[in-house]
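*Asks:* Coordinates in final39.pdb, PDB, C-alpha atoms, are listed below.
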ATOM      1  CA  GLY A  20      47.319  92.390  -2.636
ATOM      2  CA  ALA A  21      47.008  95.199  -0.117
ATOM      3  CA  GLU A  22      45.603  92.832   2.513
ATOM      4  CA  GLU A  23      48.901  90.955   2.544
ATOM      5  CA  ARG A  24      50.590  94.075   3.973
ATOM      6  CA  LEU A  25      48.105  94.888   6.747
ATOM      7  CA  ASP A  26      49.224  94.813  10.361
ATOM      8  CA  ALA A  27      47.216  95.741  13.457
ATOM      9  CA  ASP A  28      48.007  99.471  13.310
ATOM     10  CA  ALA A  29      46.975  99.730   9.673
ATOM     11  CA  MET A  30      43.764  97.785  10.312
ATOM     12  CA  GLU A  31      42.806 100.043  13.215
ATOM     13  CA  ALA A  32      43.371 103.181  11.149
ATOM     14  CA  LEU A  33      41.409 101.840   8.186
ATOM     15  CA  ALA A  34      38.582 100.655  10.448
ATOM     16  CA  THR A  35      38.314 104.107  12.040
ATOM     17  CA  ALA A  36      38.030 105.767   8.634
ATOM     18  CA  ALA A  37      35.513 103.193   7.404
ATOM     19  CA  ALA A  38      33.396 103.502  10.556
ATOM     20  CA  ALA A  39      33.276 107.286  10.226
ATOM     21  CA  ALA A  40      32.261 106.960   6.562
ATOM     22  CA  SER A  41      29.522 104.487   7.478
ATOM     23  CA  LEU A  42      28.101 106.837  10.083
ATOM     24  CA  ARG A  43      28.101 109.742   7.654
ATOM     25  CA  ALA A  44      26.250 107.554   5.142
ATOM     26  CA  GLY A  45      23.573 106.797   7.732
ATOM     27  CA  GLY A  46      24.700 103.318   8.783
ATOM     28  CA  THR A  47      24.759 102.468  12.482
ATOM     29  CA  CYS A  48      25.601  98.742  12.342
ATOM     30  CA  VAL A  49      27.918  96.870   9.974
ATOM     31  CA  PHE A  50      28.893  93.250   9.327
ATOM     32  CA  ASP A  51      32.527  93.295   8.305
ATOM     33  CA  GLN A  52      34.899  90.497   7.310
ATOM     34  CA  ASN A  53      38.602  91.245   7.593
ATOM     35  CA  ARG A  54      41.925  89.750   6.514
ATOM     36  CA  ALA A  55      45.507  90.636   7.448
ATOM     37  CA  ALA A  56      49.063  89.864   6.416
ATOM     38  CA  PRO A  57      50.380  86.338   7.117
ATOM     39  CA  GLY A  58      51.334  86.051  10.757
ATOM     40  CA  HIS A  59      49.204  89.022  11.785
ATOM     41  CA  GLU A  60      45.925  87.150  12.289
ATOM     42  CA  GLU A  61      46.128  87.251  16.080
ATOM     43  CA  GLY A  62      44.794  90.552  17.385
ATOM     44  CA  ALA A  63      43.526  91.700  13.981
ATOM     45  CA  LEU A  64      39.864  91.847  15.023
ATOM     46  CA  ALA A  65      40.704  93.612  18.287
ATOM     47  CA  ALA A  66      42.407  96.301  16.202
ATOM     48  CA  VAL A  67      39.341  96.680  13.980
ATOM     49  CA  ALA A  68      37.128  96.816  17.066
ATOM     50  CA  ARG A  69      39.165  99.703  18.481
ATOM     51  CA  GLY A  70      38.582 101.593  15.262
ATOM     52  CA  VAL A  71      34.812 101.127  15.191
ATOM     53  CA  ARG A  72      34.473 101.874  18.919
ATOM     54  CA  ARG A  73      36.242 105.170  18.402
ATOM     55  CA  CYS A  74      33.346 106.260  16.196
ATOM     56  CA  GLY A  75      30.546 104.623  18.172
ATOM     57  CA  LEU A  76      29.573 102.236  15.383
ATOM     58  CA  ARG A  77      27.917  98.917  16.199
ATOM     59  CA  ALA A  78      29.661  96.042  14.374
ATOM     60  CA  ALA A  79      29.742  92.263  13.956
ATOM     61  CA  LEU A  80      33.301  91.356  12.960
ATOM     62  CA  SER A  81      34.856  88.200  11.536
ATOM     63  CA  TYR A  82      38.178  87.105  10.099
ATOM     64  CA  GLY A  83      37.966  85.605   6.585
ATOM     65  CA  ALA A  84      39.606  82.206   7.014
ATOM     66  CA  SER A  85      41.102  80.575   3.930
ATOM     67  CA  ASP A  86      43.720  77.931   3.196
ATOM     68  CA  VAL A  87      45.430  80.166   0.639
ATOM     69  CA  GLY A  88      49.083  79.944   1.671
ATOM     70  CA  GLY A  89      48.508  76.701   3.588
ATOM     71  CA  ALA A  90      46.050  75.022   5.919
ATOM     72  CA  ASP A  91      47.827  76.661   8.867
ATOM     73  CA  ARG A  92      46.554  80.040   7.661
ATOM     74  CA  GLY A  93      43.000  78.762   7.606
ATOM     75  CA  ALA A  94      43.399  77.463  11.136
ATOM     76  CA  ALA A  95      44.911  80.777  12.283
ATOM     77  CA  GLY A  96      42.003  82.730  10.795
ATOM     78  CA  LEU A  97      39.415  80.547  12.513
ATOM     79  CA  LYS A  98      41.307  80.760  15.792
ATOM     80  CA  GLU A  99      41.276  84.549  15.596
ATOM     81  CA  SER A 100      37.540  84.700  14.881
ATOM     82  CA  ALA A 101      36.690  82.223  17.646
ATOM     83  CA  ALA A 102      38.841  83.927  20.281
ATOM     84  CA  PHE A 103      37.392  87.331  19.431
ATOM     85  CA  ALA A 104      33.798  86.058  19.344
ATOM     86  CA  GLU A 105      34.196  84.382  22.727
ATOM     87  CA  GLY A 106      35.478  87.592  24.274
ATOM     88  CA  GLN A 107      32.635  89.669  22.803
ATOM     89  CA  ARG A 108      29.717  87.406  23.708
ATOM     90  CA  ASP A 109      27.951  89.978  25.903
ATOM     91  CA  ASP A 110      29.244  93.186  24.355
ATOM     92  CA  ARG A 111      26.442  95.586  23.383
ATOM     93  CA  VAL A 112      28.404  97.330  20.623
ATOM     94  CA  VAL A 113      30.838  94.839  19.035
ATOM     95  CA  ARG A 114      30.245  91.129  18.471
ATOM     96  CA  GLY A 115      32.296  88.454  16.764
ATOM     97  CA  LEU A 116      31.343  85.904  14.107
ATOM     98  CA  ILE A 117      33.270  83.096  12.448
ATOM     99  CA  GLY A 118      34.530  84.119   9.011
ATOM    100  CA  LEU A 119      34.993  81.981   5.908
ATOM    101  CA  ASP A 120      36.541  83.404   2.742
ATOM    102  CA  GLY A 121      35.229  81.173  -0.038
ATOM    103  CA  LEU A 122      34.996  77.405  -0.518
ATOM    104  CA  ALA A 123      37.328  76.704  -3.436
ATOM    105  CA  GLU A 124      40.487  77.490  -1.469
ATOM    106  CA  CYS A 125      39.438  75.773   1.784
ATOM    107  CA  GLY A 126      40.162  72.155   2.657
ATOM    108  CA  ALA A 127      37.771  69.827   4.440
ATOM    109  CA  ALA A 128      39.329  70.443   7.864
ATOM    110  CA  THR A 129      38.911  74.217   7.597
ATOM    111  CA  LEU A 130      35.323  73.913   6.339
ATOM    112  CA  ASP A 131      34.332  71.480   9.092
ATOM    113  CA  ALA A 132      35.925  73.633  11.785
ATOM    114  CA  ALA A 133      34.215  76.750  10.417
ATOM    115  CA  ALA A 134      30.860  74.957  10.464
ATOM    116  CA  ASP A 135      31.279  73.779  14.052
ATOM    117  CA  LEU A 136      32.384  77.193  15.302
ATOM    118  CA  GLY A 137      29.714  78.924  13.228
ATOM    119  CA  MET A 138      26.979  76.994  15.003
ATOM    120  CA  ARG A 139      28.357  78.326  18.259
ATOM    121  CA  PHE A 140      29.030  81.952  17.354
ATOM    122  CA  GLY A 141      27.395  82.587  13.968
ATOM    123  CA  LEU A 142      29.001  82.429  10.523
ATOM    124  CA  HIS A 143      29.789  85.131   7.943
ATOM    125  CA  ALA A 144      30.763  83.246   4.783
ATOM    126  CA  THR A 145      31.816  84.654   1.417
ATOM    127  CA  VAL A 146      30.479  82.096  -1.047
ATOM    128  CA  ALA A 147      30.138  81.971  -4.848
ATOM    129  CA  GLU A 148      31.417  85.473  -5.520
ATOM    130  CA  ASP A 149      32.059  83.998  -8.970
ATOM    131  CA  ASP A 150      31.880  80.487 -10.472
ATOM    132  CA  GLN A 151      34.958  79.081  -8.709
ATOM    133  CA  ASP A 152      33.142  77.783  -5.625
ATOM    134  CA  LEU A 153      30.486  76.074  -7.745
ATOM    135  CA  VAL A 154      33.104  74.410  -9.943
ATOM    136  CA  SER A 155      35.114  73.306  -6.897
ATOM    137  CA  THR A 156      32.282  71.845  -4.831
ATOM    138  CA  PHE A 157      30.592  70.160  -7.771
ATOM    139  CA  SER A 158      33.809  68.581  -9.059
ATOM    140  CA  SER A 159      34.855  67.328  -5.612
ATOM    141  CA  SER A 160      31.508  66.219  -4.189
ATOM    142  CA  SER A 161      28.848  66.606  -6.914
ATOM    143  CA  LYS A 162      27.206  69.203  -4.679
ATOM    144  CA  ARG A 163      26.442  72.865  -5.131
ATOM    145  CA  PRO A 164      27.891  75.341  -2.569
ATOM    146  CA  MET A 165      24.797  75.649  -0.353
ATOM    147  CA  GLN A 166      24.243  71.899  -0.469
ATOM    148  CA  LEU A 167      27.796  71.381   0.784
ATOM    149  CA  LEU A 168      27.393  73.947   3.558
ATOM    150  CA  HIS A 169      24.142  72.300   4.602
ATOM    151  CA  GLU A 170      25.742  68.861   4.635
ATOM    152  CA  ILE A 171      28.569  69.940   6.955
ATOM    153  CA  GLY A 172      26.129  71.737   9.279
ATOM    154  CA  ALA A 173      27.203  75.296   8.524
ATOM    155  CA  LEU A 174      23.780  76.888   7.961
ATOM    156  CA  SER A 175      21.603  78.334  10.697
ATOM    157  CA  GLY A 176      19.665  81.447  11.613
ATOM    158  CA  LEU A 177      23.006  83.052  12.499
ATOM    159  CA  THR A 178      24.558  82.456   9.064
ATOM    160  CA  LEU A 179      25.178  85.305   6.644
ATOM    161  CA  ILE A 180      26.105  84.254   3.100
ATOM    162  CA  ALA A 181      27.706  87.027   1.058
ATOM    163  CA  HIS A 182      27.379  87.097  -2.768
ATOM    164  CA  GLY A 183      25.920  83.684  -3.711
ATOM    165  CA  SER A 184      25.939  84.474  -7.427
ATOM    166  CA  THR A 185      25.322  80.849  -8.494
ATOM    167  CA  ILE A 186      22.400  80.010  -6.179
ATOM    168  CA  ASP A 187      19.575  77.992  -7.726
ATOM    169  CA  ARG A 188      16.093  77.084  -6.450
ATOM    170  CA  THR A 189      17.251  74.014  -4.556
ATOM    171  CA  GLU A 190      19.865  76.048  -2.715
ATOM    172  CA  ALA A 191      17.344  78.805  -2.024
ATOM    173  CA  ASP A 192      15.072  76.279  -0.321
ATOM    174  CA  ILE A 193      18.019  75.074   1.764
ATOM    175  CA  LEU A 194      18.801  78.629   2.910
ATOM    176  CA  ALA A 195      15.152  79.363   3.679
ATOM    177  CA  ALA A 196      14.740  76.172   5.721
ATOM    178  CA  ALA A 197      17.860  77.016   7.745
ATOM    179  CA  GLY A 198      16.748  80.621   8.317
ATOM    180  CA  ALA A 199      20.076  81.825   6.900
ATOM    181  CA  TYR A 200      20.579  85.299   5.439
ATOM    182  CA  GLN A 201      21.809  86.109   1.937
ATOM    183  CA  ALA A 202      23.635  89.400   1.280
ATOM    184  CA  ILE A 203      23.617  90.724  -2.280
ATOM    185  CA  THR A 204      26.171  93.257  -3.499
ATOM    186  CA  ALA A 205      24.770  94.887  -6.629
ATOM    187  CA  ARG A 206      27.474  97.495  -7.185
ATOM    188  CA  ALA A 207      30.280  94.992  -6.638
ATOM    189  CA  ALA A 208      28.648  92.606  -9.099
ATOM    190  CA  MET A 209      28.559  95.349 -11.720
ATOM    191  CA  TRP A 210      32.068  96.550 -10.885
ATOM    192  CA  TRP A 211      33.681  93.110 -11.166
ATOM    193  CA  GLY A 212      31.455  91.840 -13.966
ATOM    194  CA  SER A 213      29.994  89.008 -11.880
ATOM    195  CA  SER A 214      26.398  87.848 -11.591
ATOM    196  CA  LEU A 215      23.750  89.050  -9.169
ATOM    197  CA  PRO A 216      21.876  86.217  -7.443
ATOM    198  CA  PRO A 217      18.247  85.730  -8.533
ATOM    199  CA  VAL A 218      16.937  88.128  -5.894
ATOM    200  CA  GLU A 219      13.242  87.875  -6.703
ATOM    201  CA  MET A 220      13.391  84.088  -6.693
ATOM    202  CA  LEU A 221      15.245  84.056  -3.366
ATOM    203  CA  ALA A 222      12.722  86.371  -1.715
ATOM    204  CA  SER A 223       9.756  84.468  -3.145
ATOM    205  CA  ARG A 224      11.063  81.226  -1.630
ATOM    206  CA  GLY A 225      11.444  82.764   1.824
ATOM    207  CA  VAL A 226      15.160  83.578   1.924
ATOM    208  CA  GLU A 227      16.040  86.581   4.077
ATOM    209  CA  VAL A 228      17.929  88.762   1.577
ATOM    210  CA  VAL A 229      19.880  91.820   2.762
ATOM    211  CA  LEU A 230      21.924  94.531   1.068
ATOM    212  CA  GLY A 231      25.728  94.473   1.259
ATOM    213  CA  THR A 232      28.483  96.717  -0.074
ATOM    214  CA  ASP A 233      31.530  94.428  -0.489
ATOM    215  CA  GLY A 234      33.650  97.324   0.749
ATOM    216  CA  LEU A 235      33.120  99.486  -2.339
ATOM    217  CA  GLY A 236      31.465 102.197  -0.266
ATOM    218  CA  PRO A 237      29.389 102.695   2.876
ATOM    219  CA  ASP A 238      26.229 103.971   1.180
ATOM    220  CA  VAL A 239      23.590 101.254   1.666
ATOM    221  CA  ALA A 240      20.914 103.507   0.170
ATOM    222  CA  GLY A 241      23.046 103.583  -2.970
ATOM    223  CA  GLU A 242      23.114  99.790  -2.913
ATOM    224  CA  ALA A 243      19.310  99.738  -2.722
ATOM    225  CA  LEU A 244      19.091 101.947  -5.797
ATOM    226  CA  ALA A 245      21.715  99.888  -7.645
ATOM    227  CA  ALA A 246      19.923  96.637  -6.792
ATOM    228  CA  THR A 247      16.610  97.980  -8.083
ATOM    229  CA  MET A 248      18.217  99.244 -11.284
ATOM    230  CA  LEU A 249      20.074  95.995 -11.907
ATOM    231  CA  ILE A 250      17.020  93.805 -11.244
ATOM    232  CA  ARG A 251      14.980  95.859 -13.713
ATOM    233  CA  TYR A 252      17.778  95.890 -16.270
ATOM    234  CA  LEU A 253      18.278  92.124 -16.128
ATOM    235  CA  SER A 254      14.551  91.434 -16.335
ATOM    236  CA  HIS A 255      14.053  93.967 -19.164
ATOM    237  CA  ASP A 256      11.119  95.310 -17.167
ATOM    238  CA  PRO A 257      11.075  98.906 -15.879
ATOM    239  CA  ALA A 258       8.368  97.938 -13.386
ATOM    240  CA  ALA A 259      10.099  94.853 -11.944
ATOM    241  CA  ALA A 260      10.346  94.404  -8.171
ATOM    242  CA  PRO A 261       8.347  97.528  -7.287
ATOM    243  CA  VAL A 262       8.320  96.859  -3.521
ATOM    244  CA  LEU A 263      11.012  94.208  -3.086
ATOM    245  CA  VAL A 264      13.771  96.476  -1.777
ATOM    246  CA  GLY A 265      11.646  98.487   0.635
ATOM    247  CA  ARG A 266       9.491  95.613   1.842
ATOM    248  CA  ASP A 267      12.135  92.879   2.204
ATOM    249  CA  LEU A 268      15.772  93.778   1.592
ATOM    250  CA  TRP A 269      15.905  96.949   3.654
ATOM    251  CA  PRO A 270      14.211  95.743   6.897
ATOM    252  CA  ASN A 271      15.828  92.291   6.797
ATOM    253  CA  ALA A 272      19.196  93.773   7.795
ATOM    254  CA  ALA A 273      17.775  95.068  11.077
ATOM    255  CA  ARG A 274      16.311  91.635  11.799
ATOM    256  CA  LEU A 275      19.714  90.019  11.231
ATOM    257  CA  ALA A 276      21.454  92.540  13.488
ATOM    258  CA  SER A 277      18.786  92.086  16.166
ATOM    259  CA  ARG A 278      19.362  88.323  16.108
ATOM    260  CA  VAL A 279      23.152  88.614  16.355
ATOM    261  CA  PHE A 280      23.113  91.215  19.145
ATOM    262  CA  GLY A 281      20.132  89.782  20.994
ATOM    263  CA  ALA A 282      18.462  93.203  21.097
ATOM    264  CA  ARG A 283      15.762  95.049  19.144
ATOM    265  CA  LEU A 284      17.508  97.118  16.492
ATOM    266  CA  GLY A 285      16.378  99.190  13.539
ATOM    267  CA  VAL A 286      13.298 100.747  15.134
ATOM    268  CA  LEU A 287      12.591 103.918  17.105
ATOM    269  CA  GLU A 288      10.502 102.681  19.993
ATOM    270  CA  PRO A 289      10.776 102.306  23.787
ATOM    271  CA  GLY A 290      12.993  99.403  24.783
ATOM    272  CA  ALA A 291      14.887  99.209  21.496
ATOM    273  CA  ALA A 292      18.683  99.416  21.524
ATOM    274  CA  ALA A 293      19.983 102.920  20.925
ATOM    275  CA  ALA A 294      21.915 103.834  17.812
ATOM    276  CA  ILE A 295      23.715 106.896  16.540
ATOM    277  CA  ALA A 296      22.086 109.108  13.938
ATOM    278  CA  VAL A 297      24.349 111.449  11.993
ATOM    279  CA  MET A 298      22.484 114.320  10.356
ATOM    280  CA  ASP A 299      24.093 116.909   8.142
ATOM    281  CA  TRP A 300      21.076 118.646   6.612
ATOM    282  CA  ARG A 301      21.739 121.501   4.237
ATOM    283  CA  PRO A 302      18.564 123.429   3.318
ATOM    284  CA  PRO A 303      18.088 124.183  -0.374
ATOM    285  CA  GLN A 304      17.476 127.867   0.405
ATOM    286  CA  PRO A 305      18.215 130.218   3.319
ATOM    287  CA  LEU A 306      15.781 129.880   6.192
ATOM    288  CA  PRO A 307      14.069 132.961   7.701
ATOM    289  CA  GLN A 308      15.379 134.124  11.034
ATOM    290  CA  VAL A 309      13.297 133.087  14.006
ATOM    291  CA  ARG A 310      11.804 136.020  15.926
ATOM    292  CA  GLN A 311      12.749 136.173  19.562
ATOM    293  CA  PRO A 312       9.820 136.379  22.044
ATOM    294  CA  GLY A 313       9.133 139.891  23.273
ATOM    295  CA  ARG A 314      11.233 141.651  20.641
ATOM    296  CA  GLN A 315       9.743 144.241  18.333
ATOM    297  CA  ARG A 316       9.887 143.637  14.609
ATOM    298  CA  GLU A 317      12.126 146.121  12.870
ATOM    299  CA  CYS A 318      10.654 148.274  10.094
TER
END
Show the structure stored in the file as structure tokens.
*Replies:*
Amino acid sequence: GAEERLDADAMEALATAAAAASLRAGGTCVFDQNRAAPGHEEGALAAVARGVRRCGLRAALSYGASDVGGADRGAAGLKESAAFAEGQRDDRVVRGLIGLDGLAECGAATLDAAADLGMRFGLHATVAEDDQDLVSTFSSSSKRPMQLLHEIGALSGLTLIAHGSTIDRTEADILAAAGAYQAITARAAMWWGSSLPPVEMLASRGVEVVLGTDGLGPDVAGEALAATMLIRYLSHDPAAAPVLVGRDLWPNAARLASRVFGARLGVLEPGAAAAIAVMDWRPPQPLPQVRQPGRQREC
């Protein structure tokens, strides 16, 4: 795929464009997992960080470690995430997390190392984007994905699980007890024909659910609309989840960012961390000219 051809220069350019698009869409903080061509893991996250800094975007970055191509690639991905996260510990704009790209293609050594490092720096894990992770973990250990992650000590209040299409009630309780966050990607689920996690069930059992984009676009408000539409479509109820998105999914993202950065984010109040607001308001009709003080009105 295209990721297999990415070097540092390409990643920096793409990150700059993506950061600018996120700002224009109203986003001021992103959680982004990256991958590069074999042999280009080292320095990949520094390149992405240069791109987001150029636009002023706040970001938590990780490298998606996987054993695809060999266990040495998984180790290289974790090494890159850990080195970057260590160097960004006190940075107010860019932080680093440990990244994990699925369970099915990761061996025990990579999973254990990701869990250990994730407890130290935080973990951004792509899990159960489809059925492959469930099939893999259940066939190898008779455990579901979240049960496996819990067993190896990978779940905490600094864990972000992306996708999670196969989550059941038992796994939801595990996530809630750990204080972990679950990102849903409604438009990606529709685009790729995969399943949306049971959002209402997750929220009702205390899981902190947030909105994600899976890289399809930077418009989180569009994701909120898509999530509401999909929930109502799947439940065959036009009145389903009337307050779920606004009450839970939308504010949860700010709470996650606040925890990762150790600062109050997502609110306009004294003492909160500053963010950038990009406004490009186009009035629906021409506005009247403002009269200048002391000038006579023309007849």
*Asks:* Would you translate the PyMOL selection byres ((chain A and resi 194) around 12) into the concrete set of residues it matches in this file, as JSON, numbers by chain?
*Replies:* {"A": [164, 165, 166, 167, 168, 169, 172, 173, 174, 175, 176, 177, 178, 179, 180, 183, 186, 187, 188, 189, 190, 191, 192, 193, 195, 196, 197, 198, 199, 200, 201, 202, 221, 222, 224, 225, 226, 227, 228]}
*Asks:* Okay, now the selection with C-alpha atoms, as an mmCIF file, keeping the file's coordinate frame?
*Replies:*
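Result written to result_24.cif:
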data_model
loop_
_atom_site.group_PDB
_atom_site.id
_atom_site.type_symbol
_atom_site.label_atom_id
_atom_site.label_comp_id
_atom_site.auth_asym_id
_atom_site.auth_seq_id
_atom_site.Cartn_x
_atom_site.Cartn_y
_atom_site.Cartn_z
ATOM 1 C CA PRO A 164 27.891 75.341 -2.569
ATOM 2 C CA MET A 165 24.797 75.649 -0.353
ATOM 3 C CA GLN A 166 24.243 71.899 -0.469
ATOM 4 C CA LEU A 167 27.796 71.381 0.784
ATOM 5 C CA LEU A 168 27.393 73.947 3.558
ATOM 6 C CA HIS A 169 24.142 72.300 4.602
ATOM 7 C CA GLY A 172 26.129 71.737 9.279
ATOM 8 C CA ALA A 173 27.203 75.296 8.524
ATOM 9 C CA LEU A 174 23.780 76.888 7.961
ATOM 10 C CA SER A 175 21.603 78.334 10.697
ATOM 11 C CA GLY A 176 19.665 81.447 11.613
ATOM 12 C CA LEU A 177 23.006 83.052 12.499
ATOM 13 C CA THR A 178 24.558 82.456 9.064
ATOM 14 C CA LEU A 179 25.178 85.305 6.644
ATOM 15 C CA ILE A 180 26.105 84.254 3.100
ATOM 16 C CA GLY A 183 25.920 83.684 -3.711
ATOM 17 C CA ILE A 186 22.400 80.010 -6.179
ATOM 18 C CA ASP A 187 19.575 77.992 -7.726
ATOM 19 C CA ARG A 188 16.093 77.084 -6.450
ATOM 20 C CA THR A 189 17.251 74.014 -4.556
ATOM 21 C CA GLU A 190 19.865 76.048 -2.715
ATOM 22 C CA ALA A 191 17.344 78.805 -2.024
ATOM 23 C CA ASP A 192 15.072 76.279 -0.321
ATOM 24 C CA ILE A 193 18.019 75.074 1.764
ATOM 25 C CA ALA A 195 15.152 79.363 3.679
ATOM 26 C CA ALA A 196 14.740 76.172 5.721
ATOM 27 C CA ALA A 197 17.860 77.016 7.745
ATOM 28 C CA GLY A 198 16.748 80.621 8.317
ATOM 29 C CA ALA A 199 20.076 81.825 6.900
ATOM 30 C CA TYR A 200 20.579 85.299 5.439
ATOM 31 C CA GLN A 201 21.809 86.109 1.937
ATOM 32 C CA ALA A 202 23.635 89.400 1.280
ATOM 33 C CA LEU A 221 15.245 84.056 -3.366
ATOM 34 C CA ALA A 222 12.722 86.371 -1.715
ATOM 35 C CA ARG A 224 11.063 81.226 -1.630
ATOM 36 C CA GLY A 225 11.444 82.764 1.824
ATOM 37 C CA VAL A 226 15.160 83.578 1.924
ATOM 38 C CA GLU A 227 16.040 86.581 4.077
ATOM 39 C CA VAL A 228 17.929 88.762 1.577
#
*Asks:* On this structure, the PyMOL selection byres ((chain A and resi 136) around 12) would catch which residues? List them as a ChimeraX atom specification, sorted by chain and number.
*Replies:* /A:81,94,96-102,104-105,115-119,129-135,137-143,171-175,177-178
*Asks:* Enter the distance from CA of Val229 (chain A) to CA of Val286 (chain A), in Å, rounded to one decimal.
*Replies:* 16.6 Å
*Asks:* Which is closer to Val71 (chain A) than all the others in A:Ala34, A:Leu42, A:Ala245, A:Ala84, using all atoms listed in the file?
*Replies:* A:Ala34
*Asks:* Using all atoms listed in the file, pick whichever of A:Ser213, A:Ser254, A:Thr232, A:Thr204 has the shortest atom-to-atom distance to Thr185 (chain A).
*Replies:*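 Closest candidate: A:Ser213.
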*Asks:* In Å, rounded to a single decimal, give me how far CA of Leu215 (chain A) is from CA of Asp150 (chain A).
*Replies:*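 CA of Asp150 (chain A) sits 11.9 Å away from CA of Leu215 (chain A).
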*Asks:* One decimal, Å: what's the distance from CA of Phe50 (chain A) over to CA of Ala78 (chain A), could you say?
*Replies:* 5.8 Å
*Asks:* Which neighbours of Trp269 (chain A) fall inside 10 Å, counting all atoms listed in the file, when residues of the same chain fewer than 4 positions from it are skipped, and could you give them as an mmCIF file with C-alpha atoms, keeping the file's coordinate frame?
*Replies:*
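Generated file (selection.cif):
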data_model
loop_
_atom_site.group_PDB
_atom_site.id
_atom_site.type_symbol
_atom_site.label_atom_id
_atom_site.label_comp_id
_atom_site.auth_asym_id
_atom_site.auth_seq_id
_atom_site.Cartn_x
_atom_site.Cartn_y
_atom_site.Cartn_z
ATOM 1 C CA VAL A 228 17.929 88.762 1.577
ATOM 2 C CA VAL A 229 19.880 91.820 2.762
ATOM 3 C CA LEU A 230 21.924 94.531 1.068
ATOM 4 C CA VAL A 239 23.590 101.254 1.666
ATOM 5 C CA ALA A 240 20.914 103.507 0.170
ATOM 6 C CA ALA A 243 19.310 99.738 -2.722
ATOM 7 C CA LEU A 263 11.012 94.208 -3.086
ATOM 8 C CA VAL A 264 13.771 96.476 -1.777
ATOM 9 C CA GLY A 265 11.646 98.487 0.635
ATOM 10 C CA ALA A 273 17.775 95.068 11.077
ATOM 11 C CA ARG A 274 16.311 91.635 11.799
#
*Asks:* Of the candidates A:Ala95, A:Val87, A:Ala260, A:Ala40, which shows the shortest atom-to-atom distance to Gly58 (chain A), using all atoms listed in the file?
*Replies:*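 With all atoms listed in the file as the atom set, the closest residue is A:Ala95.
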*Asks:* Have a look at A:Asp238, A:Ala56, A:Asp86, A:Glu61 and name the one nearest to Arg43 (chain A); count only C-alpha atoms.
*Replies:* A:Asp238
*Asks:* A:Gln107, A:Ser41, A:Asn53, A:Ser184: which is nearest Leu25 (chain A), counting only C-alpha atoms?
*Replies:*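 Of all the options, A:Asn53 lies closest to Leu25 (chain A).
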*Asks:* Just checking: using only C-alpha atoms, which residue out of A:Ala258, A:Val67, A:Ala205, A:Ala282 ends up closest to Ala294 (chain A)?
*Replies:*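 That would be A:Ala282, the residue with the smallest distance to Ala294 (chain A).
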*Asks:* Tell me which residues the PyMOL selection byres ((chain A and resi 206) around 9) grabs here, as a list of chain:residue names.
*Replies:*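 Applying the expression gives A:Thr204, A:Ala205, A:Ala207, A:Ala208, A:Met209, A:Trp210, A:Trp211, A:Thr232, A:Asp233, A:Leu235, A:Gly241, A:Glu242, A:Ala245, A:Ala246, A:Leu249.
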